[in-house]
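These notes are about the structure you will find just below.
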Amino acid sequence: MVLAGLTGFAGGAAHADDAAEVAPTSGAEFEAQASELLALEGVEAVTVDAAGTVVLTTTDPVDALEDVAEEFVEDHRNVEVRLLDAPLSALSVTDVVGGAGYAAMSGSSDDLGLCSIGFAGFTPDGAPAVVSAGHCTDDGSYADAVLTVPAGDPAGGGATGNDDIAGLAELGAFGFSQFGGPGNTEGQADAASTDVSVIDVTNTDLDLLPVVTDWTTTGDLSASTRPVTAVGTARPGASVVKSGRTTGFTSGTVDSIGYASVDGRTVYGFWTDVPGAPGDSGGAVLQGSTAVGVVSGGGTAGGAPVMFAADLQAALAVTGGYSVAVQVAAPVLTGPATGSVVAPGATISGTAGAGTTLAVEPSVGEPFEVPVGAAGTWSFPATEVLGPISYTLVARSGYSASAPTVLEYEVLPVTALTSPGDGERVLTSVQRLAGVGAAGEDVALTGDVEAVVEVAEDGTWEHEVDLSYGRYTVTVQQITGTPGEPSTSTFEVVPVAPAITDPVDGGSFTPATAPTTVSGTGLDGARVGLDTGHGPLLHADVVDGTWTIELPEALEARDHRFTANQSLASVDSDFGQPVTFTVAADAAVVGDDVAAAAAPGGGDDGVLAQTGVSAALIVLVAAMLVGIGAHTVIRARRTPVAGVRTIA
């Protein structure tokens, strides 16, 4: 048996006989296997990486573990053993953002714990809340939370020993917490074993934002942020970033997913090589703009930092209905153009985030909702009531809502083309023209489509067409009975947006490895326009379904957002799904010197849950929740408190 050493997360597989069995990697068998192994002394985590390898993380070599663990490694050929330097331990203005610091406390005690906010969110009833780590409450010992002044936190330039902590504003009260299994038990290898807390925000002066700070603007953490647009699951091999009050904004890669023993409690989540330190607990972990976890535990392996994050979706599932706030894009109208004249029942259409719900409030009639399809499109008929009307549209995802989009129309009884609507942009093709007119009369279509159709008894007419990419103008006029005034509509048939396939969304690079080209897929013969966020569009032709654009200069060390459209038959598609990625000057994006000074496992033997202040626990002289104002300094003493676990 040969075991490879571990530097960071670059481990080696334990070599078993070719005839050995394959260890289960998912389902009930994997959970039972993980539960048995985590109960053994020296086993810290059991996870699975992208290649289907079971990663057994230990503090001792296999031959020093109990026989069950050694036999597990020898009997299975898809097992890799990795060594930790020490047991895994918990890492515990008015705008509130993910990654900001807070102090957890109890009114009946002078001690406190320091943690980080993960994400803004909502209670089951839609009231404001924030999500953090469960061990930050010290198994419910702490009931209240106070925001801390960023400049006093280590990530903001404060002392690494937390001597500069100051209270900023009351935050709220813990509404729920769980560290390990239900009821703060040790837990077992299932998704219900987690590390999560939620704080019901009681301070009405606070404005919770669906963003995560990058800690580059200490005076106002909301001035430089990364948006949270979705909640999802971490992917092994994907780039992630973390934001917390001690080491700030750091980046790394997801190694594997499974179960870890954090201070003796089983937690379902994922390993990363993201730098973290005491006080980062509860902080946000993002994959691109998708919220995937909160910081739970950390340590070192081969001297390199390792961090374990609790899976966010599994954590939220045990809270009884709490959710994360996300940014929702405002609805976009594709037609008819606002301010135009429409016929009764004309189709009004547009785009919004796929899977959201469009809340429509008309100036005449009752509010209603329209589901947004998987393609991100929506439509509804205009009112049959003649006269002016306005519609206020808001896209909603749970309790999260977009900015409003307001549309205004004049509804008149005209002979007209209603679908496609005037000014509408239709994807790929149009197979049918439809409109309204006087029942039984003939309507002439002229312009880019020529035909004569009869209006049905219900006052509508249809005409089959086959229109591909291009801009079309069609005039409609009643030609029998009493000829009416002509009505002209212009619409476009546009291609779908191209896709960017390289670089991938959520990627992280150094200047040396930063992309020099951007490539993707599109429609043959189209011309792609790439928007890099500064300067004119860069262009390339699509050949055999693919395109590549060489960047004219090296990318700066910062966050980047690329998006692209394509032009075909003189019409442009919309810009497609953006790709965001980071070019970082070095591995720790912000606060490398702070991270080094406050690295996990720094020899503080008094730490039980190594998540915040040192064993020389800061003790409050006065309760922070009584008359606390902006920048109220927390007076503290540095006397060690025996037997008290430091949190955060």
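Just remember, in the structure tokens the first chain shown is A, the second B, etc., residues are 1-based per chain, and ligands are 1-based in the order shown.
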Considering only alpha helix (DSSP H) as DSSP defines it on the backbone, what residues of segment 264-388 of chain A qualify? List them as a list in words. Leu312, Gln313, Ala314, Ala315, Leu316 and Ala317 of chain A
For segment 40-44 of chain A, list every protein, DNA or RNA residue within 9 Å, evaluated using only C-alpha atoms, and leave out those in the same chain fewer than 2 positions away; present the list as a PyMOL selection string.
chain A and resi 36-38+46+56-61+64-66+68-69+84+87-88+259-262+264
Of A:Gln178, A:Ser419, A:Thr392, A:Thr580, the one sitting nearest Gly506 of chain A when using only C-alpha atoms is A:Thr580
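With only C-alpha atoms as the atoms that count, the residue of A:Gly398, A:Pro486, A:Gly299, A:Pro498 with the shortest distance to Thr521 of chain A is A:Pro498.
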Within 9 Å of Gly269 of chain A using only C-alpha atoms, minus same-chain residues under 6 positions, as a PyMOL selection string = chain A and resi 47+191+194+234+256-260+293+296+308-312+314
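Here the question is which of A:Val494, A:Ala499, A:Ile117, A:Val452 gets nearest to Thr480 of chain A using only C-alpha atoms, and that residue is A:Val452.
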Need to verify the contact set: Gly172 of chain A, 6 Å, only C-alpha atoms, exclusion of same-chain residues closer than 2 positions in sequence. Can you return it as number ranges by chain?
A: 144-145, 200-202
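The shortest atom-to-atom distance to Asp85 of chain A, with only C-alpha atoms taken into account, belongs to A:Pro305 out of A:Gly345, A:Pro305, A:Gly279, A:Gly355.
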* To do: Using DSSP on the backbone coordinates, identify the residues of segment 54-135 of chain A assigned to strand (DSSP E or B); present them as a PyMOL selection string.
  => chain A and resi 54-58+76+79-83+89-90+95-98+101-105+111-116+119-122+128-132
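In this comparison, which uses only C-alpha atoms, the residue of A:Leu112, A:Val274, A:Val241, A:Val318 approaching Val306 of chain A most closely is A:Val274.
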One residue among A:Ala223, A:Ala401, A:Val443, A:Ala277 is nearest to Gly161 of chain A when using only C-alpha atoms, and that residue is A:Ala277
- Message: I'd like the neighbourhood of Ala100 of chain A as a PyMOL selection string, where a residue qualifies if any of its atoms comes within 10 Å (using only C-alpha atoms), though same-chain residues fewer than 6 positions away should be ignored.
- Response: chain A and resi 115-119+147-150+153+155-156+212-215+221-222+243-246+248+280+282-284
What would the file look like if the residues just selected were written as a PDB file, in the first residue's frame with N, CA and C atoms?
```pdb
ATOM      1  N   CYS A 115     -18.405  36.360  13.826  1.00  0.00           N
ATOM      2  CA  CYS A 115     -18.693  35.577  12.624  1.00  0.00           C
ATOM      3  C   CYS A 115     -18.878  36.500  11.428  1.00  0.00           C
ATOM      4  N   SER A 116     -19.196  35.899  10.293  1.00  0.00           N
ATOM      5  CA  SER A 116     -19.438  36.649   9.061  1.00  0.00           C
ATOM      6  C   SER A 116     -20.823  36.328   8.515  1.00  0.00           C
ATOM      7  N   ILE A 117     -21.439  37.326   7.904  1.00  0.00           N
ATOM      8  CA  ILE A 117     -22.723  37.120   7.227  1.00  0.00           C
ATOM      9  C   ILE A 117     -22.481  36.359   5.935  1.00  0.00           C
ATOM     10  N   GLY A 118     -23.354  35.377   5.673  1.00  0.00           N
ATOM     11  CA  GLY A 118     -23.273  34.678   4.396  1.00  0.00           C
ATOM     12  C   GLY A 118     -24.050  35.429   3.328  1.00  0.00           C
ATOM     13  N   PHE A 119     -25.378  35.444   3.485  1.00  0.00           N
ATOM     14  CA  PHE A 119     -26.213  36.035   2.441  1.00  0.00           C
ATOM     15  C   PHE A 119     -27.419  36.733   3.049  1.00  0.00           C
ATOM     16  N   LEU A 147     -23.968  44.155  14.015  1.00  0.00           N
ATOM     17  CA  LEU A 147     -22.982  44.395  12.961  1.00  0.00           C
ATOM     18  C   LEU A 147     -21.741  45.053  13.546  1.00  0.00           C
ATOM     19  N   THR A 148     -20.576  44.688  13.030  1.00  0.00           N
ATOM     20  CA  THR A 148     -19.339  45.322  13.470  1.00  0.00           C
ATOM     21  C   THR A 148     -18.844  46.310  12.411  1.00  0.00           C
ATOM     22  N   VAL A 149     -18.056  47.291  12.864  1.00  0.00           N
ATOM     23  CA  VAL A 149     -17.495  48.294  11.956  1.00  0.00           C
ATOM     24  C   VAL A 149     -16.450  47.619  11.068  1.00  0.00           C
ATOM     25  N   PRO A 150     -16.602  47.667   9.733  1.00  0.00           N
ATOM     26  CA  PRO A 150     -15.659  46.963   8.853  1.00  0.00           C
ATOM     27  C   PRO A 150     -14.199  47.329   9.080  1.00  0.00           C
ATOM     28  N   ASP A 153     -12.583  45.191  11.629  1.00  0.00           N
ATOM     29  CA  ASP A 153     -12.407  43.771  11.339  1.00  0.00           C
ATOM     30  C   ASP A 153     -11.052  43.555  10.667  1.00  0.00           C
ATOM     31  N   ALA A 155     -10.157  41.960   8.047  1.00  0.00           N
ATOM     32  CA  ALA A 155     -10.191  42.131   6.589  1.00  0.00           C
ATOM     33  C   ALA A 155     -10.242  43.596   6.191  1.00  0.00           C
ATOM     34  N   GLY A 156     -10.716  44.451   7.108  1.00  0.00           N
ATOM     35  CA  GLY A 156     -10.807  45.881   6.825  1.00  0.00           C
ATOM     36  C   GLY A 156      -9.644  46.676   7.356  1.00  0.00           C
ATOM     37  N   VAL A 212     -22.433  40.256  -2.410  1.00  0.00           N
ATOM     38  CA  VAL A 212     -21.369  39.844  -1.498  1.00  0.00           C
ATOM     39  C   VAL A 212     -20.203  40.812  -1.677  1.00  0.00           C
ATOM     40  N   THR A 213     -19.713  41.371  -0.578  1.00  0.00           N
ATOM     41  CA  THR A 213     -18.634  42.354  -0.668  1.00  0.00           C
ATOM     42  C   THR A 213     -17.305  41.692  -1.021  1.00  0.00           C
ATOM     43  N   ASP A 214     -16.454  42.444  -1.741  1.00  0.00           N
ATOM     44  CA  ASP A 214     -15.107  41.945  -2.023  1.00  0.00           C
ATOM     45  C   ASP A 214     -14.065  42.594  -1.105  1.00  0.00           C
ATOM     46  N   TRP A 215     -14.529  43.377  -0.117  1.00  0.00           N
ATOM     47  CA  TRP A 215     -13.681  43.970   0.930  1.00  0.00           C
ATOM     48  C   TRP A 215     -12.625  44.948   0.381  1.00  0.00           C
ATOM     49  N   LEU A 221     -18.911  48.775   2.416  1.00  0.00           N
ATOM     50  CA  LEU A 221     -18.733  47.442   1.833  1.00  0.00           C
ATOM     51  C   LEU A 221     -19.638  47.202   0.640  1.00  0.00           C
ATOM     52  N   SER A 222     -20.729  47.973   0.518  1.00  0.00           N
ATOM     53  CA  SER A 222     -21.649  47.772  -0.604  1.00  0.00           C
ATOM     54  C   SER A 222     -21.180  48.466  -1.879  1.00  0.00           C
ATOM     55  N   SER A 243     -16.120  35.283   1.054  1.00  0.00           N
ATOM     56  CA  SER A 243     -16.011  36.607   1.654  1.00  0.00           C
ATOM     57  C   SER A 243     -16.281  36.483   3.147  1.00  0.00           C
ATOM     58  N   GLY A 244     -15.346  37.003   3.960  1.00  0.00           N
ATOM     59  CA  GLY A 244     -15.487  36.938   5.410  1.00  0.00           C
ATOM     60  C   GLY A 244     -14.724  38.051   6.099  1.00  0.00           C
ATOM     61  N   ARG A 245     -15.037  38.295   7.376  1.00  0.00           N
ATOM     62  CA  ARG A 245     -14.524  39.451   8.110  1.00  0.00           C
ATOM     63  C   ARG A 245     -13.041  39.354   8.449  1.00  0.00           C
ATOM     64  N   THR A 246     -12.428  38.168   8.366  1.00  0.00           N
ATOM     65  CA  THR A 246     -11.032  38.018   8.783  1.00  0.00           C
ATOM     66  C   THR A 246     -10.074  38.062   7.605  1.00  0.00           C
ATOM     67  N   GLY A 248     -11.162  38.408   4.336  1.00  0.00           N
ATOM     68  CA  GLY A 248     -11.722  39.158   3.223  1.00  0.00           C
ATOM     69  C   GLY A 248     -12.195  38.269   2.090  1.00  0.00           C
ATOM     70  N   ASP A 280     -14.126  33.967   9.826  1.00  0.00           N
ATOM     71  CA  ASP A 280     -14.755  33.871   8.506  1.00  0.00           C
ATOM     72  C   ASP A 280     -16.006  32.988   8.521  1.00  0.00           C
ATOM     73  N   GLY A 282     -19.486  31.306   8.566  1.00  0.00           N
ATOM     74  CA  GLY A 282     -20.768  31.841   8.116  1.00  0.00           C
ATOM     75  C   GLY A 282     -20.656  32.653   6.856  1.00  0.00           C
ATOM     76  N   GLY A 283     -19.415  33.016   6.469  1.00  0.00           N
ATOM     77  CA  GLY A 283     -19.212  33.856   5.300  1.00  0.00           C
ATOM     78  C   GLY A 283     -19.683  33.200   4.014  1.00  0.00           C
ATOM     79  N   ALA A 284     -19.882  34.026   2.989  1.00  0.00           N
ATOM     80  CA  ALA A 284     -20.455  33.585   1.721  1.00  0.00           C
ATOM     81  C   ALA A 284     -19.445  32.818   0.881  1.00  0.00           C
TER      82      ALA A 284
END
```
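Summary of the local environment: counting only C-alpha atoms, residues at most 8 Å from Val196 of chain A, other than itself and those fewer than 6 positions away along its chain, are Val131, Ser132, Ala133, Gly134, His135, Ser177, Gln178, Phe179, Gly282, Val294, Ala310, Ala315 and Leu316 of chain A.
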Generate the output file for the selected residues, N, CA and C atoms, as a PDB file, in the first residue's frame.
```
ATOM      1  N   VAL A 131     -28.328  34.820   6.454  1.00  0.00           N
ATOM      2  CA  VAL A 131     -27.926  33.429   6.635  1.00  0.00           C
ATOM      3  C   VAL A 131     -26.461  33.390   7.038  1.00  0.00           C
ATOM      4  N   SER A 132     -26.132  32.561   8.026  1.00  0.00           N
ATOM      5  CA  SER A 132     -24.757  32.422   8.492  1.00  0.00           C
ATOM      6  C   SER A 132     -24.534  30.968   8.899  1.00  0.00           C
ATOM      7  N   ALA A 133     -23.521  30.709   9.730  1.00  0.00           N
ATOM      8  CA  ALA A 133     -23.205  29.349  10.164  1.00  0.00           C
ATOM      9  C   ALA A 133     -23.863  29.042  11.503  1.00  0.00           C
ATOM     10  N   GLY A 134     -24.254  27.784  11.699  1.00  0.00           N
ATOM     11  CA  GLY A 134     -24.942  27.389  12.913  1.00  0.00           C
ATOM     12  C   GLY A 134     -24.060  27.418  14.138  1.00  0.00           C
ATOM     13  N   HIS A 135     -22.768  27.056  13.999  1.00  0.00           N
ATOM     14  CA  HIS A 135     -21.924  27.031  15.192  1.00  0.00           C
ATOM     15  C   HIS A 135     -21.658  28.431  15.736  1.00  0.00           C
ATOM     16  N   SER A 177     -30.954  27.846  14.383  1.00  0.00           N
ATOM     17  CA  SER A 177     -29.571  27.414  14.159  1.00  0.00           C
ATOM     18  C   SER A 177     -29.472  25.911  14.312  1.00  0.00           C
ATOM     19  N   GLN A 178     -28.545  25.343  13.583  1.00  0.00           N
ATOM     20  CA  GLN A 178     -28.255  23.909  13.687  1.00  0.00           C
ATOM     21  C   GLN A 178     -26.804  23.682  13.319  1.00  0.00           C
ATOM     22  N   PHE A 179     -26.087  22.980  14.194  1.00  0.00           N
ATOM     23  CA  PHE A 179     -24.699  22.600  13.944  1.00  0.00           C
ATOM     24  C   PHE A 179     -24.614  21.096  14.138  1.00  0.00           C
ATOM     25  N   GLY A 282     -19.486  31.306   8.566  1.00  0.00           N
ATOM     26  CA  GLY A 282     -20.768  31.841   8.116  1.00  0.00           C
ATOM     27  C   GLY A 282     -20.656  32.653   6.856  1.00  0.00           C
ATOM     28  N   VAL A 294     -21.869  28.227   2.916  1.00  0.00           N
ATOM     29  CA  VAL A 294     -21.388  29.124   3.970  1.00  0.00           C
ATOM     30  C   VAL A 294     -20.192  28.465   4.637  1.00  0.00           C
ATOM     31  N   ALA A 310     -20.436  24.426   4.294  1.00  0.00           N
ATOM     32  CA  ALA A 310     -21.716  23.723   4.355  1.00  0.00           C
ATOM     33  C   ALA A 310     -22.490  23.983   3.074  1.00  0.00           C
ATOM     34  N   ALA A 315     -28.549  23.237   3.696  1.00  0.00           N
ATOM     35  CA  ALA A 315     -28.680  24.006   4.931  1.00  0.00           C
ATOM     36  C   ALA A 315     -30.029  24.720   5.002  1.00  0.00           C
ATOM     37  N   LEU A 316     -30.419  25.359   3.907  1.00  0.00           N
ATOM     38  CA  LEU A 316     -31.703  26.073   3.897  1.00  0.00           C
ATOM     39  C   LEU A 316     -32.868  25.117   4.107  1.00  0.00           C
TER      40      LEU A 316
END
```
(message) Which residues are near segment 320-327 of chain A? Cut-off 8 Å, only C-alpha atoms, ignore same chain within fewer than 5 positions. Put them as number ranges by chain.
(response) A: 119-124, 130-131, 198, 209-211, 227-231, 397, 399-402
Based on the selection just made, write C-alpha atoms of those residues as a PDB file, in the first residue's frame.
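Dumped everything to out.pdb:
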```
ATOM      1  CA  PHE A 119     -26.213  36.035   2.441  1.00  0.00           C
ATOM      2  CA  ALA A 120     -29.144  38.396   2.737  1.00  0.00           C
ATOM      3  CA  GLY A 121     -32.425  36.529   2.743  1.00  0.00           C
ATOM      4  CA  PHE A 122     -35.984  36.210   3.945  1.00  0.00           C
ATOM      5  CA  THR A 123     -37.919  34.541   6.745  1.00  0.00           C
ATOM      6  CA  PRO A 124     -40.676  32.099   5.727  1.00  0.00           C
ATOM      7  CA  VAL A 130     -29.480  36.891   6.914  1.00  0.00           C
ATOM      8  CA  VAL A 131     -27.926  33.429   6.635  1.00  0.00           C
ATOM      9  CA  VAL A 198     -30.486  32.540  10.339  1.00  0.00           C
ATOM     10  CA  LEU A 209     -28.692  43.690  -0.494  1.00  0.00           C
ATOM     11  CA  PRO A 210     -28.392  40.486  -2.588  1.00  0.00           C
ATOM     12  CA  VAL A 211     -24.657  40.976  -3.069  1.00  0.00           C
ATOM     13  CA  PRO A 227     -24.111  39.931  -7.235  1.00  0.00           C
ATOM     14  CA  VAL A 228     -26.009  36.879  -6.018  1.00  0.00           C
ATOM     15  CA  THR A 229     -28.299  35.781  -8.861  1.00  0.00           C
ATOM     16  CA  ALA A 230     -29.109  32.184  -7.905  1.00  0.00           C
ATOM     17  CA  VAL A 231     -28.751  29.451  -5.290  1.00  0.00           C
ATOM     18  CA  SER A 397     -38.260  34.867  -7.619  1.00  0.00           C
ATOM     19  CA  TYR A 399     -39.594  37.038  -2.158  1.00  0.00           C
ATOM     20  CA  SER A 400     -36.889  38.612  -4.362  1.00  0.00           C
ATOM     21  CA  ALA A 401     -38.160  41.173  -6.861  1.00  0.00           C
ATOM     22  CA  SER A 402     -36.772  43.167  -9.786  1.00  0.00           C
TER      23      SER A 402
END
```
